[in-house]
file input_19.cif (mmCIF, N, CA and C atoms)
data_protein
loop_
_atom_site.group_PDB
_atom_site.id
_atom_site.type_symbol
_atom_site.label_atom_id
_atom_site.label_comp_id
_atom_site.auth_asym_id
_atom_site.auth_seq_id
_atom_site.Cartn_x
_atom_site.Cartn_y
_atom_site.Cartn_z
ATOM 1 N N MET L 1 17.929 -4.123 20.216
ATOM 2 C CA MET L 1 16.542 -4.303 19.840
ATOM 3 C C MET L 1 15.797 -2.982 20.041
ATOM 4 N N ALA L 2 14.877 -2.717 19.127
ATOM 5 C CA ALA L 2 14.044 -1.518 19.237
ATOM 6 C C ALA L 2 12.668 -1.843 18.662
ATOM 7 N N VAL L 3 11.643 -1.197 19.208
ATOM 8 C CA VAL L 3 10.287 -1.301 18.678
ATOM 9 C C VAL L 3 10.016 -0.018 17.906
ATOM 10 N N VAL L 4 9.596 -0.162 16.644
ATOM 11 C CA VAL L 4 9.363 0.985 15.777
ATOM 12 C C VAL L 4 7.886 1.033 15.410
ATOM 13 N N ASN L 5 7.243 2.157 15.709
ATOM 14 C CA ASN L 5 5.831 2.371 15.382
ATOM 15 C C ASN L 5 5.736 3.432 14.301
ATOM 16 N N SER L 6 4.803 3.232 13.370
ATOM 17 C CA SER L 6 4.594 4.200 12.295
ATOM 18 C C SER L 6 3.117 4.331 11.984
ATOM 19 N N LYS L 7 2.711 5.537 11.631
ATOM 20 C CA LYS L 7 1.322 5.794 11.255
ATOM 21 C C LYS L 7 1.059 5.302 9.840
ATOM 22 N N ALA L 8 -0.218 5.102 9.512
ATOM 23 C CA ALA L 8 -0.624 4.662 8.176
ATOM 24 C C ALA L 8 -0.110 5.625 7.117
ATOM 25 N N ASN L 9 0.274 5.058 5.991
ATOM 26 C CA ASN L 9 0.723 5.816 4.826
ATOM 27 C C ASN L 9 1.994 6.630 5.060
ATOM 28 N N SER L 10 2.755 6.317 6.097
ATOM 29 C CA SER L 10 4.002 7.042 6.320
ATOM 30 C C SER L 10 5.154 6.321 5.624
ATOM 31 N N LEU L 11 6.249 7.062 5.434
ATOM 32 C CA LEU L 11 7.441 6.564 4.764
ATOM 33 C C LEU L 11 8.619 6.648 5.722
ATOM 34 N N ARG L 12 9.505 5.664 5.658
ATOM 35 C CA ARG L 12 10.716 5.661 6.476
ATOM 36 C C ARG L 12 11.867 5.150 5.625
ATOM 37 N N GLY L 13 13.049 5.364 6.101
ATOM 38 C CA GLY L 13 14.214 4.773 5.463
ATOM 39 C C GLY L 13 14.867 5.679 4.449
ATOM 40 N N ASN L 14 15.071 5.133 3.227
ATOM 41 C CA ASN L 14 15.882 5.777 2.199
ATOM 42 C C ASN L 14 17.284 6.037 2.751
ATOM 43 N N HIS L 15 17.857 4.954 3.265
ATOM 44 C CA HIS L 15 19.223 4.984 3.767
ATOM 45 C C HIS L 15 19.804 3.571 3.706
ATOM 46 N N TYR L 16 21.078 3.476 4.028
ATOM 47 C CA TYR L 16 21.739 2.169 4.113
ATOM 48 C C TYR L 16 22.746 2.211 5.247
ATOM 49 N N HIS L 17 23.290 1.058 5.563
ATOM 50 C CA HIS L 17 24.296 0.913 6.609
ATOM 51 C C HIS L 17 25.505 0.210 6.012
ATOM 52 N N LYS L 18 26.694 0.731 6.263
ATOM 53 C CA LYS L 18 27.903 0.114 5.711
ATOM 54 C C LYS L 18 28.325 -1.138 6.472
ATOM 55 N N HIS L 19 28.029 -1.183 7.768
ATOM 56 C CA HIS L 19 28.554 -2.272 8.599
ATOM 57 C C HIS L 19 27.496 -3.030 9.388
ATOM 58 N N SER L 20 26.270 -2.586 9.365
ATOM 59 C CA SER L 20 25.223 -3.199 10.203
ATOM 60 C C SER L 20 24.262 -4.047 9.378
ATOM 61 N N THR L 21 23.773 -5.097 10.004
ATOM 62 C CA THR L 21 22.698 -5.921 9.466
ATOM 63 C C THR L 21 21.496 -5.727 10.378
ATOM 64 N N GLN L 22 20.312 -5.553 9.785
ATOM 65 C CA GLN L 22 19.081 -5.404 10.571
ATOM 66 C C GLN L 22 18.115 -6.515 10.211
ATOM 67 N N HIS L 23 17.409 -7.015 11.233
ATOM 68 C CA HIS L 23 16.345 -7.997 11.051
ATOM 69 C C HIS L 23 15.081 -7.385 11.640
ATOM 70 N N MET L 24 14.018 -7.301 10.831
ATOM 71 C CA MET L 24 12.778 -6.665 11.270
ATOM 72 C C MET L 24 11.658 -7.701 11.320
ATOM 73 N N LEU L 25 11.009 -7.812 12.466
ATOM 74 C CA LEU L 25 9.861 -8.701 12.666
ATOM 75 C C LEU L 25 8.610 -7.839 12.698
ATOM 76 N N MET L 26 7.725 -8.016 11.718
ATOM 77 C CA MET L 26 6.485 -7.227 11.637
ATOM 78 C C MET L 26 5.497 -7.773 12.665
ATOM 79 N N THR L 27 5.048 -6.915 13.588
ATOM 80 C CA THR L 27 4.147 -7.348 14.662
ATOM 81 C C THR L 27 2.746 -6.756 14.557
ATOM 82 N N LYS L 28 2.589 -5.713 13.718
ATOM 83 C CA LYS L 28 1.274 -5.087 13.564
ATOM 84 C C LYS L 28 1.237 -4.357 12.221
ATOM 85 N N GLY L 29 0.147 -4.504 11.490
ATOM 86 C CA GLY L 29 0.006 -3.825 10.207
ATOM 87 C C GLY L 29 0.777 -4.545 9.109
ATOM 88 N N ARG L 30 1.152 -3.783 8.080
ATOM 89 C CA ARG L 30 1.938 -4.317 6.977
ATOM 90 C C ARG L 30 2.683 -3.179 6.309
ATOM 91 N N MET L 31 3.709 -3.530 5.534
ATOM 92 C CA MET L 31 4.497 -2.498 4.868
ATOM 93 C C MET L 31 5.090 -3.034 3.578
ATOM 94 N N GLU L 32 5.394 -2.097 2.685
ATOM 95 C CA GLU L 32 6.197 -2.397 1.517
ATOM 96 C C GLU L 32 7.653 -2.167 1.918
ATOM 97 N N TYR L 33 8.498 -3.126 1.612
ATOM 98 C CA TYR L 33 9.936 -3.009 1.874
ATOM 99 C C TYR L 33 10.623 -2.860 0.517
ATOM 100 N N TRP L 34 11.145 -1.674 0.228
ATOM 101 C CA TRP L 34 11.836 -1.377 -1.019
ATOM 102 C C TRP L 34 13.328 -1.478 -0.776
ATOM 103 N N TYR L 35 14.077 -2.035 -1.746
ATOM 104 C CA TYR L 35 15.511 -2.232 -1.544
ATOM 105 C C TYR L 35 16.265 -2.303 -2.864
ATOM 106 N N LYS L 36 17.562 -1.995 -2.799
ATOM 107 C CA LYS L 36 18.484 -2.189 -3.908
ATOM 108 C C LYS L 36 19.905 -1.980 -3.395
ATOM 109 N N PRO L 37 20.893 -2.570 -4.061
ATOM 110 C CA PRO L 37 22.283 -2.396 -3.620
ATOM 111 C C PRO L 37 22.759 -0.961 -3.796
ATOM 112 N N VAL L 38 23.624 -0.515 -2.919
ATOM 113 C CA VAL L 38 24.252 0.798 -3.045
ATOM 114 C C VAL L 38 25.003 0.832 -4.375
ATOM 115 N N GLY L 39 24.860 1.922 -5.117
ATOM 116 C CA GLY L 39 25.572 2.097 -6.372
ATOM 117 C C GLY L 39 24.910 1.463 -7.580
ATOM 118 N N SER L 40 23.808 0.757 -7.381
ATOM 119 C CA SER L 40 23.120 0.098 -8.486
ATOM 120 C C SER L 40 22.295 1.105 -9.291
ATOM 121 N N SER L 41 22.318 0.958 -10.609
ATOM 122 C CA SER L 41 21.475 1.792 -11.464
ATOM 123 C C SER L 41 20.173 1.079 -11.817
ATOM 124 N N GLU L 42 20.012 -0.146 -11.340
ATOM 125 C CA GLU L 42 18.794 -0.911 -11.579
ATOM 126 C C GLU L 42 17.652 -0.355 -10.721
ATOM 127 N N PRO L 43 16.395 -0.552 -11.158
ATOM 128 C CA PRO L 43 15.265 -0.129 -10.324
ATOM 129 C C PRO L 43 15.253 -0.891 -8.999
ATOM 130 N N SER L 44 14.731 -0.253 -7.963
ATOM 131 C CA SER L 44 14.589 -0.943 -6.682
ATOM 132 C C SER L 44 13.508 -2.014 -6.798
ATOM 133 N N GLN L 45 13.560 -2.967 -5.873
ATOM 134 C CA GLN L 45 12.579 -4.049 -5.815
ATOM 135 C C GLN L 45 11.757 -3.888 -4.545
ATOM 136 N N MET L 46 10.585 -4.532 -4.513
ATOM 137 C CA MET L 46 9.692 -4.403 -3.364
ATOM 138 C C MET L 46 9.187 -5.773 -2.923
ATOM 139 N N VAL L 47 9.124 -5.951 -1.607
ATOM 140 C CA VAL L 47 8.540 -7.132 -0.978
ATOM 141 C C VAL L 47 7.470 -6.649 -0.005
ATOM 142 N N MET L 48 6.295 -7.276 -0.020
ATOM 143 C CA MET L 48 5.245 -6.954 0.943
ATOM 144 C C MET L 48 5.543 -7.717 2.243
ATOM 145 N N VAL L 49 5.525 -7.000 3.356
ATOM 146 C CA VAL L 49 5.820 -7.593 4.664
ATOM 147 C C VAL L 49 4.551 -7.553 5.500
ATOM 148 N N ASN L 50 4.124 -8.731 5.963
ATOM 149 C CA ASN L 50 2.905 -8.870 6.757
ATOM 150 C C ASN L 50 3.243 -9.289 8.188
ATOM 151 N N VAL L 51 2.267 -9.243 9.072
ATOM 152 C CA VAL L 51 2.462 -9.646 10.464
ATOM 153 C C VAL L 51 3.068 -11.057 10.504
ATOM 154 N N GLY L 52 4.129 -11.194 11.287
ATOM 155 C CA GLY L 52 4.820 -12.470 11.440
ATOM 156 C C GLY L 52 5.999 -12.649 10.499
ATOM 157 N N ASP L 53 6.098 -11.809 9.466
ATOM 158 C CA ASP L 53 7.221 -11.901 8.529
ATOM 159 C C ASP L 53 8.462 -11.254 9.126
ATOM 160 N N VAL L 54 9.629 -11.790 8.742
ATOM 161 C CA VAL L 54 10.920 -11.212 9.107
ATOM 162 C C VAL L 54 11.629 -10.836 7.809
ATOM 163 N N ILE L 55 12.143 -9.630 7.748
ATOM 164 C CA ILE L 55 12.909 -9.167 6.596
ATOM 165 C C ILE L 55 14.276 -8.721 7.108
ATOM 166 N N SER L 56 15.323 -9.085 6.396
ATOM 167 C CA SER L 56 16.681 -8.726 6.817
ATOM 168 C C SER L 56 17.312 -7.770 5.818
ATOM 169 N N THR L 57 18.045 -6.817 6.346
ATOM 170 C CA THR L 57 18.748 -5.812 5.550
ATOM 171 C C THR L 57 20.242 -5.994 5.766
ATOM 172 N N PRO L 58 20.960 -6.479 4.748
ATOM 173 C CA PRO L 58 22.411 -6.631 4.898
ATOM 174 C C PRO L 58 23.126 -5.295 4.715
ATOM 175 N N PRO L 59 24.400 -5.225 5.057
ATOM 176 C CA PRO L 59 25.162 -4.009 4.805
ATOM 177 C C PRO L 59 25.125 -3.634 3.314
ATOM 178 N N ASN L 60 25.167 -2.330 3.056
ATOM 179 C CA ASN L 60 25.214 -1.778 1.694
ATOM 180 C C ASN L 60 23.976 -2.087 0.854
ATOM 181 N N GLU L 61 22.836 -2.238 1.511
ATOM 182 C CA GLU L 61 21.564 -2.358 0.816
ATOM 183 C C GLU L 61 20.708 -1.155 1.201
ATOM 184 N N ILE L 62 20.379 -0.320 0.216
ATOM 185 C CA ILE L 62 19.478 0.805 0.470
ATOM 186 C C ILE L 62 18.098 0.224 0.751
ATOM 187 N N HIS L 63 17.443 0.741 1.759
ATOM 188 C CA HIS L 63 16.099 0.263 2.070
ATOM 189 C C HIS L 63 15.184 1.428 2.436
ATOM 190 N N ALA L 64 13.902 1.237 2.101
ATOM 191 C CA ALA L 64 12.876 2.241 2.372
ATOM 192 C C ALA L 64 11.582 1.504 2.690
ATOM 193 N N LEU L 65 10.792 2.049 3.593
ATOM 194 C CA LEU L 65 9.581 1.396 4.077
ATOM 195 C C LEU L 65 8.374 2.288 3.845
ATOM 196 N N ARG L 66 7.306 1.694 3.335
ATOM 197 C CA ARG L 66 6.029 2.405 3.156
ATOM 198 C C ARG L 66 4.966 1.616 3.913
ATOM 199 N N TYR L 67 4.304 2.270 4.870
ATOM 200 C CA TYR L 67 3.272 1.624 5.684
ATOM 201 C C TYR L 67 1.919 1.815 5.028
ATOM 202 N N LEU L 68 1.073 0.780 5.052
ATOM 203 C CA LEU L 68 -0.128 0.771 4.232
ATOM 204 C C LEU L 68 -1.441 0.792 4.988
ATOM 205 N N ASP L 69 -1.499 0.249 6.147
ATOM 206 C CA ASP L 69 -2.784 0.078 6.825
ATOM 207 C C ASP L 69 -3.348 1.387 7.355
ATOM 208 N N ASP L 70 -4.630 1.361 7.653
ATOM 209 C CA ASP L 70 -5.317 2.549 8.158
ATOM 210 C C ASP L 70 -4.988 2.844 9.611
ATOM 211 N N GLU L 71 -4.236 1.948 10.230
ATOM 212 C CA GLU L 71 -3.865 2.163 11.622
ATOM 213 C C GLU L 71 -2.356 2.047 11.766
ATOM 214 N N GLU L 72 -1.880 2.253 12.950
ATOM 215 C CA GLU L 72 -0.454 2.201 13.223
ATOM 216 C C GLU L 72 0.133 0.830 12.901
ATOM 217 N N SER L 73 1.343 0.829 12.385
ATOM 218 C CA SER L 73 2.096 -0.396 12.146
ATOM 219 C C SER L 73 3.235 -0.468 13.152
ATOM 220 N N GLU L 74 3.729 -1.673 13.362
ATOM 221 C CA GLU L 74 4.802 -1.849 14.338
ATOM 222 C C GLU L 74 5.696 -3.000 13.908
ATOM 223 N N PHE L 75 7.004 -2.814 14.087
ATOM 224 C CA PHE L 75 7.928 -3.926 13.939
ATOM 225 C C PHE L 75 9.005 -3.827 15.001
ATOM 226 N N ILE L 76 9.624 -4.964 15.260
ATOM 227 C CA ILE L 76 10.746 -5.039 16.191
ATOM 228 C C ILE L 76 11.990 -5.215 15.339
ATOM 229 N N VAL L 77 13.001 -4.387 15.577
ATOM 230 C CA VAL L 77 14.241 -4.483 14.805
ATOM 231 C C VAL L 77 15.368 -4.966 15.710
ATOM 232 N N PHE L 78 16.084 -5.956 15.203
ATOM 233 C CA PHE L 78 17.264 -6.501 15.866
ATOM 234 C C PHE L 78 18.451 -6.149 14.979
ATOM 235 N N SER L 79 19.466 -5.503 15.538
ATOM 236 C CA SER L 79 20.599 -5.035 14.743
ATOM 237 C C SER L 79 21.893 -5.687 15.187
ATOM 238 N N GLU L 80 22.735 -5.975 14.199
ATOM 239 C CA GLU L 80 24.091 -6.466 14.437
ATOM 240 C C GLU L 80 25.043 -5.421 13.875
ATOM 241 N N GLY L 81 26.018 -4.994 14.658
ATOM 242 C CA GLY L 81 26.959 -3.987 14.189
ATOM 243 C C GLY L 81 26.735 -2.660 14.871
ATOM 244 N N PRO L 82 27.353 -1.599 14.366
ATOM 245 C CA PRO L 82 27.268 -0.280 15.016
ATOM 246 C C PRO L 82 25.840 0.228 15.186
ATOM 247 N N ARG L 83 24.953 -0.110 14.275
ATOM 248 C CA ARG L 83 23.563 0.350 14.350
ATOM 249 C C ARG L 83 22.887 -0.142 15.630
ATOM 250 N N GLY L 84 23.393 -1.198 16.217
ATOM 251 C CA GLY L 84 22.790 -1.751 17.416
ATOM 252 C C GLY L 84 23.366 -1.221 18.713
ATOM 253 N N GLY L 85 24.374 -0.377 18.659
ATOM 254 C CA GLY L 85 25.016 0.103 19.876
ATOM 255 C C GLY L 85 24.787 1.572 20.132
ATOM 256 N N PRO L 86 25.642 2.171 20.949
ATOM 257 C CA PRO L 86 25.462 3.577 21.326
ATOM 258 C C PRO L 86 25.685 4.546 20.171
ATOM 259 N N ASP L 87 26.399 4.129 19.133
ATOM 260 C CA ASP L 87 26.632 4.979 17.966
ATOM 261 C C ASP L 87 25.604 4.682 16.884
ATOM 262 N N TYR L 88 24.344 4.624 17.281
ATOM 263 C CA TYR L 88 23.223 4.222 16.439
ATOM 264 C C TYR L 88 23.224 4.885 15.068
ATOM 265 N N GLU L 89 23.430 6.196 15.014
ATOM 266 C CA GLU L 89 23.358 6.926 13.737
ATOM 267 C C GLU L 89 24.685 6.946 12.973
ATOM 268 N N SER L 90 25.761 6.493 13.570
ATOM 269 C CA SER L 90 27.068 6.580 12.903
ATOM 270 C C SER L 90 27.155 5.682 11.676
ATOM 271 N N ASP L 91 26.286 4.688 11.567
ATOM 272 C CA ASP L 91 26.305 3.768 10.432
ATOM 273 C C ASP L 91 25.047 3.928 9.573
ATOM 274 N N THR L 92 24.505 5.142 9.523
ATOM 275 C CA THR L 92 23.322 5.441 8.708
ATOM 276 C C THR L 92 23.708 6.469 7.653
ATOM 277 N N PHE L 93 23.486 6.120 6.379
ATOM 278 C CA PHE L 93 23.851 6.971 5.258
ATOM 279 C C PHE L 93 22.606 7.204 4.412
ATOM 280 N N ARG L 94 22.121 8.433 4.399
ATOM 281 C CA ARG L 94 20.861 8.781 3.723
ATOM 282 C C ARG L 94 21.061 8.951 2.218
ATOM 283 N N VAL L 95 20.014 8.587 1.462
ATOM 284 C CA VAL L 95 20.042 8.680 -0.003
ATOM 285 C C VAL L 95 18.712 9.256 -0.495
ATOM 286 N N ASP L 96 18.646 9.574 -1.788
ATOM 287 C CA ASP L 96 17.404 10.004 -2.400
ATOM 288 C C ASP L 96 16.419 8.839 -2.402
ATOM 289 N N SER L 97 15.154 9.135 -2.584
ATOM 290 C CA SER L 97 14.094 8.132 -2.522
ATOM 291 C C SER L 97 14.300 7.009 -3.545
ATOM 292 N N ILE L 98 14.056 5.772 -3.098
ATOM 293 C CA ILE L 98 14.098 4.615 -3.998
ATOM 294 C C ILE L 98 12.704 4.014 -4.181
ATOM 295 N N PHE L 99 11.641 4.673 -3.703
ATOM 296 C CA PHE L 99 10.292 4.136 -3.838
ATOM 297 C C PHE L 99 9.897 4.005 -5.300
ATOM 298 N N ASP L 100 9.068 2.995 -5.569
ATOM 299 C CA ASP L 100 8.506 2.773 -6.898
ATOM 300 C C ASP L 100 9.552 2.558 -7.972
ATOM 301 N N GLY L 101 10.610 1.840 -7.586
ATOM 302 C CA GLY L 101 11.596 1.426 -8.563
ATOM 303 C C GLY L 101 12.569 2.501 -9.001
ATOM 304 N N LYS L 102 12.591 3.628 -8.338
ATOM 305 C CA LYS L 102 13.469 4.739 -8.744
ATOM 306 C C LYS L 102 14.852 4.600 -8.158
#

call {"tool": "encode", "arguments": {"input": "input_19.cif", "output": "structure tokens"}}
result
Amino acid sequence: MAVVNSKANSLRGNHYHKHSTQHMLMTKGRMEYWYKPVGSSEPSQMVMVNVGDVISTPPNEIHALRYLDDEESEFIVFSEGPRGGPDYESDTFRVDSIFDGK
């Protein structure tokens, strides 16, 4: 488990995990959650995440986060797999931006 804080209008993500699943509980603010399967040529999709919402990221799903509020946003992430252990970055694979359906 980790608590992640982000400033307004900041961007995070643009990566995927081969073996880890993440569950994010939004506790403050709101964010756009952009996603698409690894290797897909289709545009990415977006879901708005508000306080109290939980969004899950399965393995091999590229995800990117855009924070919207004028103040800090916060979510709690629960991870299953290597992303949740001491080799936190070993299951993180960075990609080009997928924001706005790209």

call {"tool": "resolve_selection", "arguments": {"input": "input_19.cif", "expression": "the PyMOL selection byres ((chain L and resi 60-62) around 7)", "output": "list of chain:residue names"}}
result
L:Asn14, L:His15, L:Tyr16, L:His17, L:Lys18, L:His19, L:Ser20, L:Trp34, L:Tyr35, L:Lys36, L:Pro37, L:Val38, L:Thr57, L:Pro58, L:Pro59, L:His63, L:Ala64

call {"tool": "write_last_selection", "arguments": {"input": "input_19.cif", "atoms": "N, CA and C atoms", "output": "PDB file, in the frame of the given file"}}
result
ATOM      1  N   ASN L  14      15.071   5.133   3.227  1.00  0.00           N
ATOM      2  CA  ASN L  14      15.882   5.777   2.199  1.00  0.00           C
ATOM      3  C   ASN L  14      17.284   6.037   2.751  1.00  0.00           C
ATOM      4  N   HIS L  15      17.857   4.954   3.265  1.00  0.00           N
ATOM      5  CA  HIS L  15      19.223   4.984   3.767  1.00  0.00           C
ATOM      6  C   HIS L  15      19.804   3.571   3.706  1.00  0.00           C
ATOM      7  N   TYR L  16      21.078   3.476   4.028  1.00  0.00           N
ATOM      8  CA  TYR L  16      21.739   2.169   4.113  1.00  0.00           C
ATOM      9  C   TYR L  16      22.746   2.211   5.247  1.00  0.00           C
ATOM     10  N   HIS L  17      23.290   1.058   5.563  1.00  0.00           N
ATOM     11  CA  HIS L  17      24.296   0.913   6.609  1.00  0.00           C
ATOM     12  C   HIS L  17      25.505   0.210   6.012  1.00  0.00           C
ATOM     13  N   LYS L  18      26.694   0.731   6.263  1.00  0.00           N
ATOM     14  CA  LYS L  18      27.903   0.114   5.711  1.00  0.00           C
ATOM     15  C   LYS L  18      28.325  -1.138   6.472  1.00  0.00           C
ATOM     16  N   HIS L  19      28.029  -1.183   7.768  1.00  0.00           N
ATOM     17  CA  HIS L  19      28.554  -2.272   8.599  1.00  0.00           C
ATOM     18  C   HIS L  19      27.496  -3.030   9.388  1.00  0.00           C
ATOM     19  N   SER L  20      26.270  -2.586   9.365  1.00  0.00           N
ATOM     20  CA  SER L  20      25.223  -3.199  10.203  1.00  0.00           C
ATOM     21  C   SER L  20      24.262  -4.047   9.378  1.00  0.00           C
ATOM     22  N   TRP L  34      11.145  -1.674   0.228  1.00  0.00           N
ATOM     23  CA  TRP L  34      11.836  -1.377  -1.019  1.00  0.00           C
ATOM     24  C   TRP L  34      13.328  -1.478  -0.776  1.00  0.00           C
ATOM     25  N   TYR L  35      14.077  -2.035  -1.746  1.00  0.00           N
ATOM     26  CA  TYR L  35      15.511  -2.232  -1.544  1.00  0.00           C
ATOM     27  C   TYR L  35      16.265  -2.303  -2.864  1.00  0.00           C
ATOM     28  N   LYS L  36      17.562  -1.995  -2.799  1.00  0.00           N
ATOM     29  CA  LYS L  36      18.484  -2.189  -3.908  1.00  0.00           C
ATOM     30  C   LYS L  36      19.905  -1.980  -3.395  1.00  0.00           C
ATOM     31  N   PRO L  37      20.893  -2.570  -4.061  1.00  0.00           N
ATOM     32  CA  PRO L  37      22.283  -2.396  -3.620  1.00  0.00           C
ATOM     33  C   PRO L  37      22.759  -0.961  -3.796  1.00  0.00           C
ATOM     34  N   VAL L  38      23.624  -0.515  -2.919  1.00  0.00           N
ATOM     35  CA  VAL L  38      24.252   0.798  -3.045  1.00  0.00           C
ATOM     36  C   VAL L  38      25.003   0.832  -4.375  1.00  0.00           C
ATOM     37  N   THR L  57      18.045  -6.817   6.346  1.00  0.00           N
ATOM     38  CA  THR L  57      18.748  -5.812   5.550  1.00  0.00           C
ATOM     39  C   THR L  57      20.242  -5.994   5.766  1.00  0.00           C
ATOM     40  N   PRO L  58      20.960  -6.479   4.748  1.00  0.00           N
ATOM     41  CA  PRO L  58      22.411  -6.631   4.898  1.00  0.00           C
ATOM     42  C   PRO L  58      23.126  -5.295   4.715  1.00  0.00           C
ATOM     43  N   PRO L  59      24.400  -5.225   5.057  1.00  0.00           N
ATOM     44  CA  PRO L  59      25.162  -4.009   4.805  1.00  0.00           C
ATOM     45  C   PRO L  59      25.125  -3.634   3.314  1.00  0.00           C
ATOM     46  N   HIS L  63      17.443   0.741   1.759  1.00  0.00           N
ATOM     47  CA  HIS L  63      16.099   0.263   2.070  1.00  0.00           C
ATOM     48  C   HIS L  63      15.184   1.428   2.436  1.00  0.00           C
ATOM     49  N   ALA L  64      13.902   1.237   2.101  1.00  0.00           N
ATOM     50  CA  ALA L  64      12.876   2.241   2.372  1.00  0.00           C
ATOM     51  C   ALA L  64      11.582   1.504   2.690  1.00  0.00           C
TER      52      ALA L  64
END

call {"tool": "resolve_selection", "arguments": {"input": "input_19.cif", "expression": "the PyMOL selection byres ((chain L and resi 26) around 7)", "output": "ChimeraX atom specification"}}
result
/L:24-25,27-29,49-55,74-76

call {"tool": "residues_near_point", "arguments": {"input": "input_19.cif", "point": "(16.2, 5.8, -6.9)", "cutoff": "8 Å", "atoms": "only N, CA and C atoms", "output": "ChimeraX atom specification"}}
result
/L:41-44,95-102

call {"tool": "residues_around", "arguments": {"input": "input_19.cif", "residues": "Leu11 in chain L", "least_positions_apart": "4", "cutoff": "7 Å", "atoms": "all atoms listed in the file", "output": "VMD selection string"}}
result
chain L and resid 64 to 67

call {"tool": "atom_distance", "arguments": {"input": "input_19.cif", "atom1": "CA of Ser6 in chain L", "atom2": "atom N of Phe78 in chain L"}}
result
15.6 Å

call {"tool": "atom_distance", "arguments": {"input": "input_19.cif", "atom1": "CA of Asp70 in chain L", "atom2": "CA of Met46 in chain L"}}
result
20.2 Å

call {"tool": "axis_aligned_box", "arguments": {"input": "input_19.cif", "around": "range 95-101 of chain L", "padding_each_side": "3 Å", "output": "JSON"}}
result
{"center_x": 14.3, "center_y": 5.7, "center_z": -3.8, "size_x": 17.5, "size_y": 14.6, "size_z": 16.5}

call {"tool": "residues_around", "arguments": {"input": "input_19.cif", "residues": "Asp69 in chain L", "least_positions_apart": "6", "cutoff": "7 Å", "atoms": "all atoms listed in the file", "output": "PyMOL selection string"}}
result
chain L and resi 7-9+29-31

call {"tool": "resolve_selection", "arguments": {"input": "input_19.cif", "expression": "the PyMOL selection byres ((chain L and resi 3) around 6)", "output": "number ranges by chain"}}
result
L: 1-2, 4-5, 75-77

call {"tool": "atom_distance", "arguments": {"input": "input_19.cif", "atom1": "atom C of Gly81 in chain L", "atom2": "atom N of His23 in chain L"}}
result
10.9 Å

call {"tool": "closest_residue", "arguments": {"input": "input_19.cif", "among": "L:Gly39, L:Ser10, L:Thr21, L:Pro82", "to": "Ser56 in chain L", "atoms": "all atoms listed in the file"}}
result
L:Thr21

call {"tool": "select_by_dssp", "arguments": {"input": "input_19.cif", "residues": "chain L", "states": "strand (DSSP E or B)", "output": "PyMOL selection string"}}
result
chain L and resi 2-6+11-16+21-28+31-37+45-49+54-57+61-67+73-80+93-94
